[in-house]
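Visitor: The structure that follows is given in the form of structure tokens.
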Amino acid sequence: MTALVRGKLLTPVFFDRDPRHVARELLGKLLIRKTAGGPLAGRIVETEAYLGKGDLAAHSAAGRTARNSVVFGPPGHAYVYFIYGNHYCLNVSCLPLGEPGGVLFRALEPVAGIEEMAAARDLDFSEDYFSAAGKAAKIAFLKKIASGPGRLCEAFGITRERDNGKSLMGARSDLRIVDDGHRCGRITVTPRIGIVQSADHPLRYLIAGNPFVSGPKRGNSLPAKVSR
DNA sequence: ATATCGATTATCT
DNA sequence: GATAATCGATATG
């Protein structure tokens with residue numbers, strides 16, 4: 001697996017906006033984790049926007065607490081929380097200091113560090129088998145690595161202890177997002193997944209037709225489609 | 001292919 | 001004490 005993992009770091013201005021814009025424009029960017037054994041990288045293919053005010057599904061809906069304080073902080077920083085006693089989820093803070101808002105990373109297309117990520121996910125990986133496998137089998141395997149918010153955190157070793165509050169824009173940060181010039185085509189917008197309050201708002205964004213998005217294939221092409 | 005269910009704990013009421 | 005921005009296993013068509 002070749003790994004061309006280079007690109008421009010994103011800036012505070014990119015994140016200092018409405019989470020809906022950030023969520024949409026994060027599609028196609030690369031999330032990168034620097035490790036001693038080389039970089040882990042995945043292309044962002046699915047996100048969800050969480051708005052500060054009036055969004056009852058957002059952790060910030062009831063105001064600032066110890067857990068959600070990063071979302072009230074400056075833009076471009078990692079908000080990592082623990083959920084269901086089992087999983088971590090990664091968000092990036094949006095909007096200026098004092099205004100809550102964020103974007104949840106829901107799925108990545110594995111780009112570099114496949115073997116390391118598979119190991120972190122407790123998946124069996126054989127280079128020989130993988131390189132010989134057909135296209136469909138490759139996709140099926142790669143989909144298990146980071147297709148889901150809890151899965152991508154496990155693949156990247158993202159935890160609250162290690163990453164909460166960290167800048168995702170820094171040249172010194174081991175966790176960052178870059179723009180490598182990739183342009184995704186059409187974007188599909190659907191309601192968010194796994195929530196009950198404010199469940200109808202179309203705030204989930206995904207690259208249309210991308211096989212690495214989370215969830216059943218059915219719901220991923222239903223409502224509004226937007227191009228860019 | 002879709003539905004249902006149990007696991008497991010930080011956080012908030 | 002109830003809940004949760006999930007996942008993986010199991011059951012059923």
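By order in the structure tokens, chains are A, B, ...; within a chain, residues start at 1; ligands start at 1, following the order shown.
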Residues at most 12 Å from DT13 of chain B, counting only C-alpha atoms (C1' of nucleotides), excluding those fewer than 4 positions away in the same chain, as a list in words?
Guide: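 Listed by chain and then number, they are DG1, DA2 and DT3 of chain C.
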Visitor: Show me, as a compact mmCIF listing (two decimals) with all heavy atoms, in the first residue's frame, every residue of chain C with an atom at most 7 Å from chain A, counting only C-alpha atoms (C1' of nucleotides).
Guide:
# COMPACT_ATOMS: atom_id res chain seq x y z
P DA C 4 -30.94 8.87 26.13
OP1 DA C 4 -31.55 10.10 25.62
OP2 DA C 4 -31.50 7.56 25.76
O5' DA C 4 -29.39 8.87 25.70
C5' DA C 4 -28.55 9.95 26.09
C4' DA C 4 -27.13 9.62 25.68
O4' DA C 4 -26.60 8.61 26.55
C3' DA C 4 -27.00 9.09 24.26
O3' DA C 4 -25.85 9.65 23.66
C2' DA C 4 -26.82 7.59 24.45
C1' DA C 4 -26.09 7.55 25.78
N9 DA C 4 -26.29 6.31 26.52
C8 DA C 4 -27.37 5.47 26.49
N7 DA C 4 -27.27 4.45 27.29
C5 DA C 4 -26.04 4.62 27.91
C6 DA C 4 -25.35 3.87 28.88
N6 DA C 4 -25.82 2.76 29.42
N1 DA C 4 -24.14 4.34 29.27
C2 DA C 4 -23.67 5.46 28.73
N3 DA C 4 -24.23 6.24 27.82
C4 DA C 4 -25.43 5.77 27.45
P DA C 5 -26.09 10.92 22.70
OP1 DA C 5 -25.22 11.98 23.19
OP2 DA C 5 -27.56 11.15 22.53
O5' DA C 5 -25.47 10.42 21.35
C5' DA C 5 -26.23 9.79 20.34
C4' DA C 5 -25.42 9.70 19.07
O4' DA C 5 -25.07 11.05 18.66
C3' DA C 5 -24.09 8.98 19.22
O3' DA C 5 -23.68 8.44 17.96
C2' DA C 5 -23.14 10.10 19.64
C1' DA C 5 -23.67 11.24 18.76
N9 DA C 5 -23.46 12.56 19.35
C8 DA C 5 -24.23 13.19 20.28
N7 DA C 5 -23.81 14.38 20.60
C5 DA C 5 -22.68 14.56 19.81
C6 DA C 5 -21.77 15.61 19.69
N6 DA C 5 -21.87 16.75 20.37
N1 DA C 5 -20.75 15.46 18.83
C2 DA C 5 -20.65 14.32 18.15
N3 DA C 5 -21.45 13.24 18.19
C4 DA C 5 -22.45 13.43 19.04
P DT C 6 -24.06 6.89 17.65
OP1 DT C 6 -23.55 6.64 16.32
OP2 DT C 6 -25.48 6.69 18.02
O5' DT C 6 -23.17 6.04 18.68
C5' DT C 6 -21.75 6.14 18.66
C4' DT C 6 -21.14 4.75 18.68
O4' DT C 6 -21.80 3.98 19.69
C3' DT C 6 -21.28 3.97 17.37
O3' DT C 6 -19.98 3.54 16.98
C2' DT C 6 -22.20 2.82 17.71
C1' DT C 6 -22.01 2.66 19.21
N1 DT C 6 -23.19 2.13 19.92
C2 DT C 6 -23.02 1.04 20.76
O2 DT C 6 -21.96 0.50 20.93
N3 DT C 6 -24.15 0.62 21.37
C4 DT C 6 -25.42 1.16 21.25
O4 DT C 6 -26.36 0.68 21.85
C5 DT C 6 -25.53 2.29 20.36
C7 DT C 6 -26.86 2.96 20.16
C6 DT C 6 -24.43 2.72 19.74
Visitor: Kindly give the distance, in Å, that separates atom CA of Gly98 of chain A and atom CA of Pro74 of chain A, rounded to a single decimal.
Guide: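 Separation between atom CA of Gly98 of chain A and atom CA of Pro74 of chain A: 7.5 Å.
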Visitor: Show which residues sit within 12 Å of DT12 of chain C, as a list in words. Count only C-alpha atoms (C1' of nucleotides), and ignore same-chain residues fewer than 2 positions away.
Guide: DA1, DT2, DA3 and DT4 of chain B; DT10 of chain C
Visitor: Which residues come within 6 Å of segment 153-160 of chain A, counting only C-alpha atoms (C1' of nucleotides), excluding same-chain residues fewer than 2 positions away, as an mmCIF file with all heavy atoms, in the first residue's frame?
Guide:
data_model
loop_
_atom_site.group_PDB
_atom_site.id
_atom_site.type_symbol
_atom_site.label_atom_id
_atom_site.label_comp_id
_atom_site.auth_asym_id
_atom_site.auth_seq_id
_atom_site.Cartn_x
_atom_site.Cartn_y
_atom_site.Cartn_z
ATOM 1 N N VAL A 80 -13.194 14.813 22.281
ATOM 2 C CA VAL A 80 -13.327 13.358 22.323
ATOM 3 C C VAL A 80 -14.148 12.981 23.546
ATOM 4 O O VAL A 80 -13.855 13.423 24.656
ATOM 5 C CB VAL A 80 -11.950 12.670 22.400
ATOM 6 C CG1 VAL A 80 -12.120 11.144 22.377
ATOM 7 C CG2 VAL A 80 -11.054 13.117 21.255
ATOM 8 N N TYR A 81 -15.184 12.202 23.337
ATOM 9 C CA TYR A 81 -16.000 11.761 24.475
ATOM 10 C C TYR A 81 -16.160 10.246 24.449
ATOM 11 O O TYR A 81 -15.964 9.594 23.424
ATOM 12 C CB TYR A 81 -17.366 12.458 24.479
ATOM 13 C CG TYR A 81 -18.243 12.100 23.314
ATOM 14 C CD1 TYR A 81 -19.114 11.025 23.383
ATOM 15 C CD2 TYR A 81 -18.186 12.831 22.139
ATOM 16 C CE1 TYR A 81 -19.914 10.683 22.307
ATOM 17 C CE2 TYR A 81 -18.990 12.501 21.065
ATOM 18 C CZ TYR A 81 -19.838 11.428 21.157
ATOM 19 O OH TYR A 81 -20.626 11.087 20.091
ATOM 20 N N MET A 117 -3.747 -0.097 11.497
ATOM 21 C CA MET A 117 -5.135 0.191 11.897
ATOM 22 C C MET A 117 -5.932 -1.100 12.066
ATOM 23 O O MET A 117 -6.738 -1.226 12.990
ATOM 24 C CB MET A 117 -5.801 1.116 10.873
ATOM 25 C CG MET A 117 -5.185 2.510 10.855
ATOM 26 S SD MET A 117 -6.151 3.712 9.914
ATOM 27 C CE MET A 117 -5.847 3.208 8.232
ATOM 28 N N ALA A 120 -5.125 -2.473 15.371
ATOM 29 C CA ALA A 120 -5.780 -1.714 16.438
ATOM 30 C C ALA A 120 -7.256 -2.082 16.534
ATOM 31 O O ALA A 120 -7.856 -2.008 17.604
ATOM 32 C CB ALA A 120 -5.618 -0.215 16.187
ATOM 33 N N ARG A 121 -7.822 -2.491 15.411
ATOM 34 C CA ARG A 121 -9.231 -2.873 15.381
ATOM 35 C C ARG A 121 -9.426 -4.355 15.652
ATOM 36 O O ARG A 121 -10.527 -4.877 15.613
ATOM 37 C CB ARG A 121 -9.829 -2.521 14.011
ATOM 38 C CG ARG A 121 -10.007 -1.032 13.802
ATOM 39 C CD ARG A 121 -11.338 -0.540 14.310
ATOM 40 N NE ARG A 121 -12.438 -1.183 13.635
ATOM 41 C CZ ARG A 121 -13.413 -1.873 14.240
ATOM 42 N NH1 ARG A 121 -13.406 -2.010 15.545
ATOM 43 N NH2 ARG A 121 -14.389 -2.409 13.545
ATOM 44 N N GLY A 150 -17.052 5.132 16.393
ATOM 45 C CA GLY A 150 -16.285 4.377 17.378
ATOM 46 C C GLY A 150 -15.158 3.600 16.729
ATOM 47 O O GLY A 150 -14.051 3.491 17.257
ATOM 48 N N ARG A 151 -15.428 3.079 15.546
ATOM 49 C CA ARG A 151 -14.422 2.306 14.827
ATOM 50 C C ARG A 151 -13.239 3.158 14.417
ATOM 51 O O ARG A 151 -12.082 2.739 14.549
ATOM 52 C CB ARG A 151 -15.047 1.689 13.576
ATOM 53 C CG ARG A 151 -16.034 0.578 13.862
ATOM 54 C CD ARG A 151 -16.773 0.207 12.599
ATOM 55 N NE ARG A 151 -17.545 -1.022 12.760
ATOM 56 C CZ ARG A 151 -18.235 -1.580 11.773
ATOM 57 N NH1 ARG A 151 -18.270 -1.018 10.581
ATOM 58 N NH2 ARG A 151 -18.903 -2.695 11.979
ATOM 59 N N ARG A 162 -5.889 10.884 25.765
ATOM 60 C CA ARG A 162 -4.758 11.207 24.906
ATOM 61 C C ARG A 162 -5.006 12.431 24.028
ATOM 62 O O ARG A 162 -4.089 13.209 23.755
ATOM 63 C CB ARG A 162 -4.486 9.983 24.020
ATOM 64 C CG ARG A 162 -3.245 10.042 23.192
ATOM 65 C CD ARG A 162 -3.089 8.728 22.437
ATOM 66 N NE ARG A 162 -2.032 8.832 21.454
ATOM 67 C CZ ARG A 162 -1.799 7.921 20.516
ATOM 68 N NH1 ARG A 162 -2.553 6.841 20.462
ATOM 69 N NH2 ARG A 162 -0.829 8.085 19.663
ATOM 70 N N ASP A 163 -6.224 12.602 23.547
ATOM 71 C CA ASP A 163 -6.454 13.558 22.467
ATOM 72 C C ASP A 163 -7.431 14.697 22.743
ATOM 73 O O ASP A 163 -7.473 15.660 21.977
ATOM 74 C CB ASP A 163 -6.932 12.794 21.226
ATOM 75 C CG ASP A 163 -5.917 11.781 20.755
ATOM 76 O OD1 ASP A 163 -4.771 12.181 20.481
ATOM 77 O OD2 ASP A 163 -6.261 10.577 20.695
ATOM 78 N N ASN A 164 -8.240 14.588 23.804
ATOM 79 C CA ASN A 164 -9.237 15.641 24.008
ATOM 80 C C ASN A 164 -8.556 16.995 24.206
ATOM 81 O O ASN A 164 -7.619 17.119 24.990
ATOM 82 C CB ASN A 164 -10.100 15.322 25.227
ATOM 83 C CG ASN A 164 -11.314 16.215 25.323
ATOM 84 O OD1 ASN A 164 -12.035 16.403 24.353
ATOM 85 N ND2 ASN A 164 -11.530 16.786 26.501
#
Visitor: Write down as a PyMOL selection string the residues of segment 29-205 of chain A whose backbone DSSP state falls under helix (DSSP H, G or I).
Guide: chain A and resi 69-72+114-120+127-132+135-146+149-156+160-163
Visitor: Compute the set of chain B residues within 12 Å of chain A, using only C-alpha atoms (C1' of nucleotides), and express it as a PyMOL selection string.
Guide: chain B and resi 1-2+6-12
Visitor: Can you pull out the residues contacting Ile139 of chain A? Cut-off 9 Å, using only C-alpha atoms (C1' of nucleotides), and skip same-chain residues under 5 positions away; I want them as a ChimeraX atom specification.
Guide: /A:134,144,211-212
Visitor: Can you list every residue in segment 18-210 of chain A that DSSP puts in strand (DSSP E or B), as a ChimeraX atom specification?
Guide: /A:30-33,40-51,77-83,87-93,101-112,147,167,175-179,187-190,204-207
Visitor: Grab the atom CA of Gly28 of chain A to atom CA of Asp179 of chain A distance for me, in Å with one decimal place.
Guide: 7.9 Å
Visitor: Work out how far apart atom CA of Arg186 of chain A and atom CA of Ala78 of chain A are and give it in Å to one decimal.
Guide: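 Computing it gives 26.9 Å between the two atoms.
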Visitor: For segment 10-23 of chain A, please output as a PyMOL selection string all residues within 10 Å (counting only C-alpha atoms (C1' of nucleotides); exclusion window: fewer than 4 positions along the same chain).
Guide: chain A and resi 27+29+44+46-52+74-77+92-97+99-105+167-170+176-179+202-206
